[in-house]
$ cat my_file.cif   # mmCIF, C-alpha atoms
data_data
loop_
_atom_site.label_atom_id
_atom_site.label_comp_id
_atom_site.auth_asym_id
_atom_site.auth_seq_id
_atom_site.Cartn_x
_atom_site.Cartn_y
_atom_site.Cartn_z
CA MET A 228 92.78 103.42 100.05
CA LYS A 229 92.96 106.84 98.42
CA ARG A 230 96.74 107.12 98.59
CA ALA A 231 97.36 106.87 94.84
CA SER A 232 94.61 109.27 93.89
CA ALA A 233 97.12 111.69 92.34
CA SER A 234 97.83 109.18 89.59
CA THR A 235 94.25 109.20 88.40
CA GLY A 236 95.18 112.31 86.48
CA HIS A 237 96.74 110.05 83.86
CA MET A 238 93.27 109.04 82.80
CA GLY A 239 93.05 112.43 81.16
CA SER A 240 89.69 113.46 79.87
CA HIS A 241 88.37 109.95 79.54
CA ASN A 242 85.01 109.96 81.16
CA GLY A 243 82.25 107.72 82.38
CA THR A 244 84.41 105.23 84.27
CA ARG A 245 83.98 104.68 87.98
CA ALA A 246 87.41 103.03 88.12
CA MET A 247 88.75 106.54 87.72
CA ASP A 248 87.75 107.35 91.27
CA GLN A 249 89.39 104.19 92.53
CA ASN A 250 93.09 104.72 92.02
CA LEU A 251 93.24 102.94 88.70
CA ALA A 252 95.12 104.73 85.98
CA ILE A 253 95.15 103.30 82.46
CA ILE A 254 98.38 104.52 80.92
CA GLN A 255 99.24 104.23 77.28
CA ILE A 256 102.80 103.32 76.31
CA ARG A 257 103.20 103.26 72.51
CA ASN A 258 100.50 100.81 71.46
CA CYS A 259 100.19 99.10 74.80
CA LEU A 260 97.94 99.91 77.73
CA LEU A 261 99.33 99.66 81.24
CA VAL A 262 97.24 99.44 84.39
CA SER A 263 99.12 99.58 87.64
CA ILE A 264 96.78 98.37 90.34
CA GLN A 265 97.81 100.12 93.55
CA ALA A 266 94.76 99.33 95.65
CA GLU A 267 93.27 96.10 96.90
CA LEU A 268 91.35 94.66 94.00
CA HIS A 269 87.81 94.20 95.20
CA ASP A 270 84.99 92.90 93.04
CA ARG A 271 83.39 96.21 92.05
CA LEU A 272 86.76 97.72 91.18
CA ALA A 273 87.70 94.74 89.03
CA LEU A 274 84.43 94.90 87.12
CA ASP A 275 84.85 98.65 86.53
CA LEU A 276 88.40 98.04 85.37
CA GLN A 277 87.21 95.40 82.91
CA GLU A 278 84.65 97.77 81.45
CA SER A 279 86.87 100.83 81.12
CA LEU A 280 89.79 98.78 79.87
CA MET A 281 87.79 97.34 76.96
CA GLU A 282 86.69 100.84 75.98
CA ARG A 283 90.29 102.03 75.96
CA VAL A 284 91.54 99.04 73.99
CA ARG A 285 89.10 99.89 71.25
CA ALA A 286 89.71 103.63 71.48
CA VAL A 287 93.50 103.48 71.11
CA ASP A 288 93.61 100.24 69.07
CA ALA A 289 96.00 98.71 71.58
CA LYS A 290 98.10 95.69 70.70
CA GLY A 291 98.78 94.72 74.26
CA VAL A 292 97.41 95.17 77.76
CA ILE A 293 99.60 94.87 80.84
CA LEU A 294 98.13 94.61 84.32
CA ASP A 295 100.63 95.21 87.10
CA VAL A 296 99.39 93.44 90.23
CA SER A 297 102.59 93.67 92.27
CA ALA A 298 100.82 95.72 94.95
CA VAL A 299 97.86 93.35 95.20
CA GLU A 300 98.05 91.04 98.18
CA ILE A 301 94.81 89.13 97.76
CA ILE A 302 93.50 87.62 94.55
CA ASP A 303 90.48 85.40 95.13
CA SER A 304 88.65 83.10 92.75
CA TYR A 305 86.22 85.79 91.64
CA ILE A 306 89.01 88.24 90.81
CA THR A 307 90.78 85.43 88.97
CA ARG A 308 87.65 84.88 86.91
CA ILE A 309 87.48 88.56 86.03
CA LEU A 310 91.18 88.57 85.10
CA ASN A 311 90.59 85.52 82.89
CA ASP A 312 87.60 87.29 81.34
CA ILE A 313 89.69 90.38 80.68
CA GLY A 314 92.33 88.15 79.07
CA LYS A 315 89.77 86.46 76.82
CA SER A 316 88.07 89.70 75.78
CA VAL A 317 91.38 91.37 75.06
CA ARG A 318 92.36 88.38 72.92
CA PHE A 319 89.06 88.59 71.05
CA MET A 320 89.93 92.16 70.19
CA GLY A 321 93.22 91.03 68.73
CA ALA A 322 95.51 92.09 71.54
CA GLU A 323 97.51 90.19 74.11
CA CYS A 324 97.02 90.48 77.87
CA TYR A 325 99.89 90.20 80.33
CA ILE A 326 99.68 90.06 84.12
CA VAL A 327 102.93 91.07 85.74
CA GLY A 328 104.27 91.01 89.26
CA ILE A 329 102.11 88.34 90.88
CA ARG A 330 103.43 87.91 94.42
CA PRO A 331 104.81 84.50 95.43
CA ALA A 332 102.24 84.14 98.22
CA VAL A 333 99.42 84.97 95.82
CA ALA A 334 100.73 82.45 93.28
CA MET A 335 100.93 79.73 95.93
CA THR A 336 97.41 80.45 97.14
CA LEU A 337 95.97 80.33 93.63
CA ILE A 338 97.69 76.99 92.97
CA GLU A 339 96.53 75.58 96.31
CA MET A 340 92.96 76.68 95.55
CA GLY A 341 93.25 74.98 92.18
CA VAL A 342 92.30 78.17 90.35
CA GLU A 343 93.70 78.47 86.84
CA LEU A 344 94.79 81.82 85.49
CA ASP A 345 95.11 80.45 81.98
CA SER A 346 93.51 83.03 79.73
CA VAL A 347 96.22 85.59 80.36
CA SER A 348 99.96 85.49 79.89
CA THR A 349 102.24 86.24 82.79
CA ALA A 350 105.58 88.00 82.98
CA LEU A 351 107.95 88.68 85.83
CA ASN A 352 107.99 92.42 85.37
CA LEU A 353 106.83 95.23 83.14
CA ASP A 354 110.06 95.24 81.17
CA LEU A 355 109.79 91.57 80.19
CA ALA A 356 106.11 91.93 79.32
CA LEU A 357 106.89 94.85 77.00
CA GLU A 358 109.74 92.86 75.48
CA ARG A 359 107.46 89.91 74.73
CA LEU A 360 104.71 92.13 73.34
CA GLU A 361 107.28 93.79 71.10
CA LEU A 362 108.41 90.39 69.81
CA LEU A 363 104.85 89.49 68.87
CA GLN A 364 104.60 92.35 66.42
CA MET B 229 80.49 58.65 180.31
CA GLN B 230 80.21 55.28 182.00
CA PRO B 231 81.02 52.21 179.96
CA GLU B 232 78.18 49.65 180.11
CA ASP B 233 80.42 46.59 180.03
CA PRO B 234 83.45 46.76 182.25
CA GLN B 235 85.13 44.04 180.23
CA THR B 236 85.58 46.36 177.21
CA ILE B 237 87.73 48.79 179.12
CA VAL B 238 91.36 48.79 178.06
CA GLU B 239 93.80 50.64 180.18
CA PHE B 240 96.87 52.32 178.84
CA SER B 241 98.98 55.28 179.71
CA HIS B 242 98.38 58.65 178.11
CA GLU B 243 101.99 58.74 176.88
CA ARG B 244 101.48 55.65 174.75
CA LEU B 245 98.48 57.23 173.08
CA GLU B 246 100.53 60.37 172.44
CA ASP B 247 103.32 58.24 171.03
CA LEU B 248 100.86 56.59 168.64
CA ILE B 249 99.53 59.97 167.52
CA GLN B 250 103.05 61.24 167.01
CA ALA B 251 103.97 58.11 165.10
CA LEU B 252 101.02 58.68 162.73
CA ALA B 253 102.12 62.29 162.32
CA TYR B 254 105.57 61.07 161.31
CA ALA B 255 103.99 58.64 158.89
CA ALA B 256 102.02 61.50 157.35
CA ILE B 257 105.25 63.31 156.48
CA ASP B 258 106.86 60.15 155.10
CA ASP B 259 109.32 59.71 157.99
CA PHE B 260 108.63 55.99 158.44
CA ASP B 261 111.79 55.18 160.45
CA ALA B 262 111.00 57.76 163.12
CA CYS B 263 107.42 56.56 163.08
CA MET B 264 108.20 52.89 163.53
CA SER B 265 110.70 53.51 166.31
CA LEU B 266 107.84 54.93 168.37
CA LEU B 267 105.64 51.87 168.04
CA ARG B 268 106.09 48.85 170.25
CA GLU B 269 105.77 45.42 168.77
CA ASP B 270 105.98 43.16 171.77
CA GLY B 271 102.21 42.49 171.94
CA SER B 272 102.35 42.67 175.73
CA ASP B 273 98.82 44.08 175.98
CA THR B 274 95.85 45.02 173.76
CA PHE B 275 97.19 48.46 173.00
CA ALA B 276 100.50 46.91 171.98
CA TRP B 277 98.57 44.70 169.49
CA LEU B 278 97.04 47.82 168.05
CA GLU B 279 100.49 49.32 167.75
CA ALA B 280 101.78 46.15 166.10
CA GLY B 281 98.91 46.34 163.59
CA PHE B 282 99.78 49.94 162.76
CA ASN B 283 103.37 48.95 162.45
CA ASP B 284 102.57 46.28 159.89
CA PHE B 285 100.44 48.62 157.84
CA LEU B 286 103.02 51.37 157.91
CA GLY B 287 105.80 48.94 157.04
CA GLN B 288 103.88 47.82 153.94
CA LEU B 289 103.02 51.40 153.07
CA LYS B 290 106.70 52.26 153.28
CA ILE B 291 107.68 49.48 150.89
CA ILE B 292 104.95 50.32 148.38
CA LYS B 293 105.78 53.99 148.52
CA ALA B 294 109.48 53.30 147.93
CA ASP B 295 108.58 51.07 144.98
CA LEU B 296 106.34 53.72 143.48
CA GLN B 297 108.91 56.41 143.93
CA GLY B 298 111.53 54.25 142.26
CA ALA B 299 109.23 53.57 139.32
CA LEU B 300 108.38 57.25 139.07
CA ALA B 301 112.04 58.22 139.04
CA ARG B 302 112.78 55.63 136.35
CA ALA B 303 109.83 56.87 134.26
CA GLU B 304 111.04 60.42 134.62
CA VAL B 305 114.53 59.48 133.48
CA SER B 306 113.24 57.63 130.41
CA ASN B 307 110.84 60.50 129.72
CA ARG B 308 113.71 62.94 129.78
CA GLU B 309 115.69 60.71 127.47
CA LEU B 310 112.77 60.52 125.05
CA GLU B 311 112.36 64.27 125.10
CA ALA B 312 116.04 64.74 124.36
CA LYS B 313 115.74 62.29 121.46
CA LEU B 314 112.67 64.08 120.09
CA GLU B 315 114.50 67.36 120.29
CA THR B 316 117.43 65.91 118.39
CA ILE B 317 115.10 64.56 115.72
CA GLU B 318 113.43 67.93 115.35
CA ARG B 319 116.77 69.67 115.06
CA GLN B 320 117.91 67.19 112.47
CA GLN B 321 114.68 67.58 110.53
CA ALA B 322 115.19 71.34 110.47
CA ALA B 323 118.75 70.79 109.28
CA ILE B 324 117.55 68.42 106.55
CA ARG B 325 114.92 70.94 105.48
CA GLU B 326 117.59 73.61 105.23
CA LEU B 327 119.76 71.29 103.20
CA SER B 328 116.89 70.13 101.05
CA THR B 329 116.26 73.34 99.14
CA PRO B 330 119.48 74.66 97.73
CA LEU B 331 118.80 77.22 95.02
CA ILE B 332 121.62 77.84 92.60
CA GLU B 333 121.74 80.70 90.16
CA VAL B 334 123.59 78.82 87.44
CA TRP B 335 123.42 81.69 84.96
CA SER B 336 122.08 85.19 85.14
CA GLY B 337 118.32 84.77 85.21
CA VAL B 338 118.51 80.99 85.54
CA LEU B 339 117.68 79.35 88.86
CA CYS B 340 118.32 75.68 89.42
CA LEU B 341 116.63 73.63 92.12
CA PRO B 342 118.20 70.19 92.47
CA VAL B 343 115.83 67.86 94.29
CA VAL B 344 117.09 64.83 96.21
CA GLY B 345 115.13 62.42 98.38
CA ILE B 346 111.49 62.18 99.30
CA VAL B 347 109.18 65.05 98.44
CA ASP B 348 106.19 65.25 100.78
CA SER B 349 103.66 68.04 100.85
CA GLN B 350 105.43 70.01 103.57
CA ARG B 351 108.75 69.87 101.80
CA SER B 352 107.23 70.72 98.45
CA ALA B 353 105.46 73.73 99.97
CA GLU B 354 108.75 74.94 101.42
CA MET B 355 110.57 74.35 98.14
CA THR B 356 107.88 76.21 96.20
CA GLU B 357 107.98 79.10 98.63
CA SER B 358 111.73 79.56 98.49
CA LEU B 359 111.78 79.04 94.72
CA LEU B 360 109.11 81.70 94.12
CA GLU B 361 110.82 84.16 96.49
CA ALA B 362 114.13 83.61 94.72
CA ILE B 363 112.56 84.07 91.28
CA VAL B 364 111.09 87.42 92.31
CA ASN B 365 114.23 88.58 94.14
CA LYS B 366 116.63 87.63 91.35
CA GLN B 367 114.13 88.31 88.54
CA ALA B 368 114.96 84.93 87.09
CA ARG B 369 113.39 84.12 83.72
CA ILE B 370 113.61 80.40 84.06
CA ALA B 371 113.59 77.87 86.87
CA ILE B 372 115.11 74.45 86.20
CA ILE B 373 113.93 71.77 88.61
CA ASP B 374 116.45 68.97 88.40
CA ILE B 375 115.12 65.63 89.64
CA THR B 376 118.11 63.45 88.77
CA GLY B 377 118.28 62.56 92.46
CA ILE B 378 114.79 61.10 92.57
CA ASP B 379 114.43 57.41 91.79
CA ALA B 380 110.70 56.90 91.98
CA MET B 381 107.67 59.11 91.82
CA ASP B 382 104.04 58.59 92.76
CA THR B 383 100.95 60.56 91.81
CA LYS B 384 101.22 62.80 94.83
CA THR B 385 104.84 63.74 94.22
CA ALA B 386 104.13 64.34 90.54
CA ASP B 387 101.26 66.59 91.58
CA HIS B 388 103.61 68.59 93.83
CA PHE B 389 105.97 69.21 90.93
CA ILE B 390 103.17 70.20 88.59
CA LYS B 391 101.85 72.65 91.18
CA MET B 392 105.34 74.05 91.60
CA ALA B 393 105.67 74.53 87.84
CA LYS B 394 102.26 76.20 87.63
CA ALA B 395 103.14 78.61 90.44
CA VAL B 396 106.38 79.50 88.67
CA ARG B 397 104.48 80.16 85.45
CA LEU B 398 102.03 82.41 87.31
CA LEU B 399 104.93 84.64 88.27
CA GLY B 400 105.82 84.87 84.60
CA ALA B 401 108.92 82.72 84.58
CA ASP B 402 109.33 79.47 82.67
CA CYS B 403 109.71 76.15 84.40
CA THR B 404 111.75 73.28 83.05
CA LEU B 405 111.90 69.82 84.58
CA SER B 406 115.17 68.04 83.91
CA GLY B 407 116.70 64.68 84.68
CA ILE B 408 113.61 62.46 84.59
CA ASN B 409 114.81 58.86 84.69
CA PRO B 410 113.19 56.07 82.62
CA ALA B 411 111.28 54.62 85.57
CA ILE B 412 109.71 57.98 86.41
CA ALA B 413 108.92 58.64 82.74
CA GLN B 414 107.05 55.33 82.60
CA THR B 415 105.24 56.00 85.87
CA LEU B 416 104.17 59.46 84.74
CA THR B 417 102.86 58.07 81.46
CA HIS B 418 101.15 55.21 83.23
CA ILE B 419 99.31 57.38 85.74
CA GLY B 420 98.44 59.85 83.03
CA VAL B 421 100.02 62.99 84.48
CA ASP B 422 99.38 66.04 82.36
CA LEU B 423 102.70 67.81 81.90
CA THR B 424 101.54 70.45 79.44
CA GLY B 425 103.06 73.78 80.26
CA VAL B 426 106.05 72.12 81.88
CA ARG B 427 109.05 71.69 79.66
CA THR B 428 111.09 68.57 80.19
CA MET B 429 114.76 68.20 79.31
CA ARG B 430 117.20 65.32 79.37
CA ASN B 431 119.51 66.96 81.89
CA LEU B 432 120.51 70.26 83.46
CA ARG B 433 123.08 70.89 80.75
CA ASP B 434 120.53 70.58 77.95
CA ALA B 435 118.06 72.78 79.80
CA LEU B 436 120.64 75.52 80.26
CA GLN B 437 121.82 75.25 76.68
CA THR B 438 118.28 75.51 75.32
CA PHE B 439 117.58 78.55 77.46
CA LEU B 440 120.75 80.30 76.29
CA ARG B 441 120.03 79.50 72.65
CA GLU B 442 116.51 80.86 72.90
CA GLN B 443 117.66 83.92 74.77
CA SER B 444 120.23 84.79 72.12
CA ALA B 445 117.56 84.31 69.42
CA ILE B 446 115.28 86.72 71.28
CA ASN B 447 118.09 89.23 71.67
CA LEU B 448 118.90 89.01 67.95
CA LYS B 449 115.25 89.63 67.12
CA ILE B 450 115.13 92.66 69.41
CA HIS B 451 118.32 94.08 67.93
CA ALA B 452 116.98 93.51 64.43
CA GLY B 453 113.77 95.29 65.41
CA GLN B 454 115.73 98.22 66.84
CA ALA B 455 117.92 98.44 63.73
CA GLN B 456 114.82 98.57 61.57
CA GLY B 457 113.08 101.11 63.76
#

$ encode --input "my_file.cif" --output "structure tokens"
Amino acid sequence: MKRASASTGHMGSHNGTRAMDQNLAIIQIRNCLLVSIQAELHDRLALDLQESLMERVRAVDAKGVILDVSAVEIIDSYITRILNDIGKSVRFMGAECYIVGIRPAVAMTLIEMGVELDSVSTALNLDLALERLELLQ
Amino acid sequence: MQPEDPQTIVEFSHERLEDLIQALAYAAIDDFDACMSLLREDGSDTFAWLEAGFNDFLGQLKIIKADLQGALARAEVSNRELEAKLETIERQQAAIRELSTPLIEVWSGVLCLPVVGIVDSQRSAEMTESLLEAIVNKQARIAIIDITGIDAMDTKTADHFIKMAKAVRLLGADCTLSGINPAIAQTLTHIGVDLTGVRTMRNLRDALQTFLREQSAINLKIHAGQAQG
């Protein structure tokens, strides 16, 4: 699970986040934050991500947050709850949260489980999410 | 060993006993004709009566066995026929399934799924799967599910469509339902189906037109933004 460890360098000098050790890079593009999740999203990792992401949103005054989950094969109800929480918190801070690249199998499973991912917006890919965030401004 | 009562002694030649044994051996391997030819039926002495008794039994056994074998053969034939029919049905079902989910890219980024016939849970799962795969592969922004070909809808079917629309929205594409006929509209209202998040349009043409209009508005806005920047 350490294959994307090189990308953690993007975190720069930001400190105090355990997510840093876990292949999660929070990248800033203009006034948006992008997190490309390249590892399996387990509970601890998701909670760390939530924490460090909120810090960064405040630090850079981000207008949008994009979570790329195209490499994530399993999203369970707990992870969904955390994603919804992230969406709500980001909205409280005046930004918009987009989840991009949900896999078809993951989408079908979530629907079959009856889990709603309704506190975040979704987009097909990074490009479309950026386009929509740009239109909001 | 001396017999106590001389009257019980029956005399017969050793050959006749051997014949009887051989006849039973033939009977054991189902060769009834060879078996019965060895047994005498004249009833000339006590041993001959015994042979006649065996003969009767074996004759009946032969008839019953033939009957059973005939019935078995007939059952096997009908079984084979049934199996062939089942196979045909399965093949046809597969063919219908293939036919049932045509996905048409009517415009760049617009996928259309015309639905005809009965939508059960298996079919809806297959439709959803192929629709989601196609959306990701073609990066389609909108999926139009056209249900002009459906005459009636119950709660379950409506639920399948709502699930399909939700799954499409999870991927980040929009989902439009087009071609709802008056009967279905009334049913959906009557059973209180919540269609929020699913856009409904009169027909495929309207759905496509709306998408194109909105897309050009978005493009204009982007261009305006770029010109300003």

$ resolve_selection --input "my_file.cif" --expression "the PyMOL selection byres ((chain B) within 12 of (chain A))" --output "ChimeraX atom specification"
/B:337,349,352-370,387-402,425,443,445-454,457

$ residues_around --input "my_file.cif" --residues "B:Thr415" --least-positions-apart "3" --cutoff "9 Å" --atoms "all atoms listed in the file" --output "PDB file with C-alpha atoms, in the frame of the given file"
ATOM      1  CA  ALA B 380     110.700  56.900  91.980  1.00  0.00           C
ATOM      2  CA  MET B 381     107.670  59.110  91.820  1.00  0.00           C
ATOM      3  CA  ASP B 382     104.040  58.590  92.760  1.00  0.00           C
ATOM      4  CA  THR B 383     100.950  60.560  91.810  1.00  0.00           C
ATOM      5  CA  PRO B 410     113.190  56.070  82.620  1.00  0.00           C
ATOM      6  CA  ALA B 411     111.280  54.620  85.570  1.00  0.00           C
ATOM      7  CA  ILE B 412     109.710  57.980  86.410  1.00  0.00           C
ATOM      8  CA  HIS B 418     101.150  55.210  83.230  1.00  0.00           C
ATOM      9  CA  ILE B 419      99.310  57.380  85.740  1.00  0.00           C
ATOM     10  CA  GLY B 420      98.440  59.850  83.030  1.00  0.00           C
ATOM     11  CA  VAL B 421     100.020  62.990  84.480  1.00  0.00           C
TER      12      VAL B 421
END

$ atom_distance --input "my_file.cif" --atom1 "atom CA of B:Leu289" --atom2 "atom CA of B:Ala251"
13.8 Å

$ axis_aligned_box --input "my_file.cif" --around "stretch 399-404 of chain B" --padding-each-side "8 Å" --output "lines of an AutoDock Vina configuration file"
center_x = 108.3
center_y = 79.1
center_z = 85.5
size_x = 22.8
size_y = 27.6
size_z = 21.6

$ atom_distance --input "my_file.cif" --atom1 "atom CA of B:Ile373" --atom2 "atom CA of A:Leu360"
27.1 Å

$ closest_residue --input "my_file.cif" --among "A:Leu261, A:Val342, A:Val317, A:Ala322" --to "A:Val296" --atoms "all atoms listed in the file"
A:Leu261

$ closest_residue --input "my_file.cif" --among "B:Cys403, B:Asp348, B:Leu436, B:Val338" --to "B:Thr424" --atoms "all atoms listed in the file"
B:Cys403

$ residues_around --input "my_file.cif" --residues "stretch 262-273 of chain A" --least-positions-apart "2" --cutoff "8 Å" --atoms "all atoms listed in the file" --output "count of residues only"
27

$ atom_distance --input "my_file.cif" --atom1 "atom CA of B:Ile237" --atom2 "atom CA of B:Leu252"
23.3 Å

$ residues_around --input "my_file.cif" --residues "B:Gly287" --least-positions-apart "2" --cutoff "12 Å" --atoms "all atoms listed in the file" --output "MDAnalysis selection string"
chainID B and resid 255 258:265 267 279:285 289:294

$ closest_residue --input "my_file.cif" --among "B:Gly407, B:Arg427, B:Leu310, B:Asp273" --to "B:Ser241" --atoms "all atoms listed in the file"
B:Asp273

$ decode --input "my_file.cif" --residues "stretch 394-415 of chain B" --atoms "C-alpha atoms" --output "short mmCIF file (atom, residue, chain, number, x, y, z; two decimals), in the first residue's frame"
data_model
loop_
_atom_site.label_atom_id
_atom_site.label_comp_id
_atom_site.auth_asym_id
_atom_site.auth_seq_id
_atom_site.Cartn_x
_atom_site.Cartn_y
_atom_site.Cartn_z
CA LYS B 394 -29.30 7.51 -8.39
CA ALA B 395 -26.39 5.31 -9.51
CA VAL B 396 -25.93 7.48 -12.59
CA ARG B 397 -25.89 10.60 -10.43
CA LEU B 398 -23.27 9.03 -8.14
CA LEU B 399 -20.94 8.78 -11.11
CA GLY B 400 -21.46 12.48 -11.69
CA ALA B 401 -23.63 12.33 -14.78
CA ASP B 402 -27.19 13.57 -15.02
CA CYS B 403 -30.11 11.26 -15.55
CA THR B 404 -33.23 12.17 -17.47
CA LEU B 405 -36.32 10.01 -17.75
CA SER B 406 -38.25 10.58 -20.94
CA GLY B 407 -41.42 9.29 -22.53
CA ILE B 408 -43.56 8.68 -19.44
CA ASN B 409 -47.09 7.96 -20.65
CA PRO B 410 -50.21 9.30 -18.86
CA ALA B 411 -51.01 5.98 -17.20
CA ILE B 412 -47.52 5.69 -15.71
CA ALA B 413 -47.59 9.34 -14.62
CA GLN B 414 -50.82 8.67 -12.74
CA THR B 415 -49.49 5.46 -11.21
#
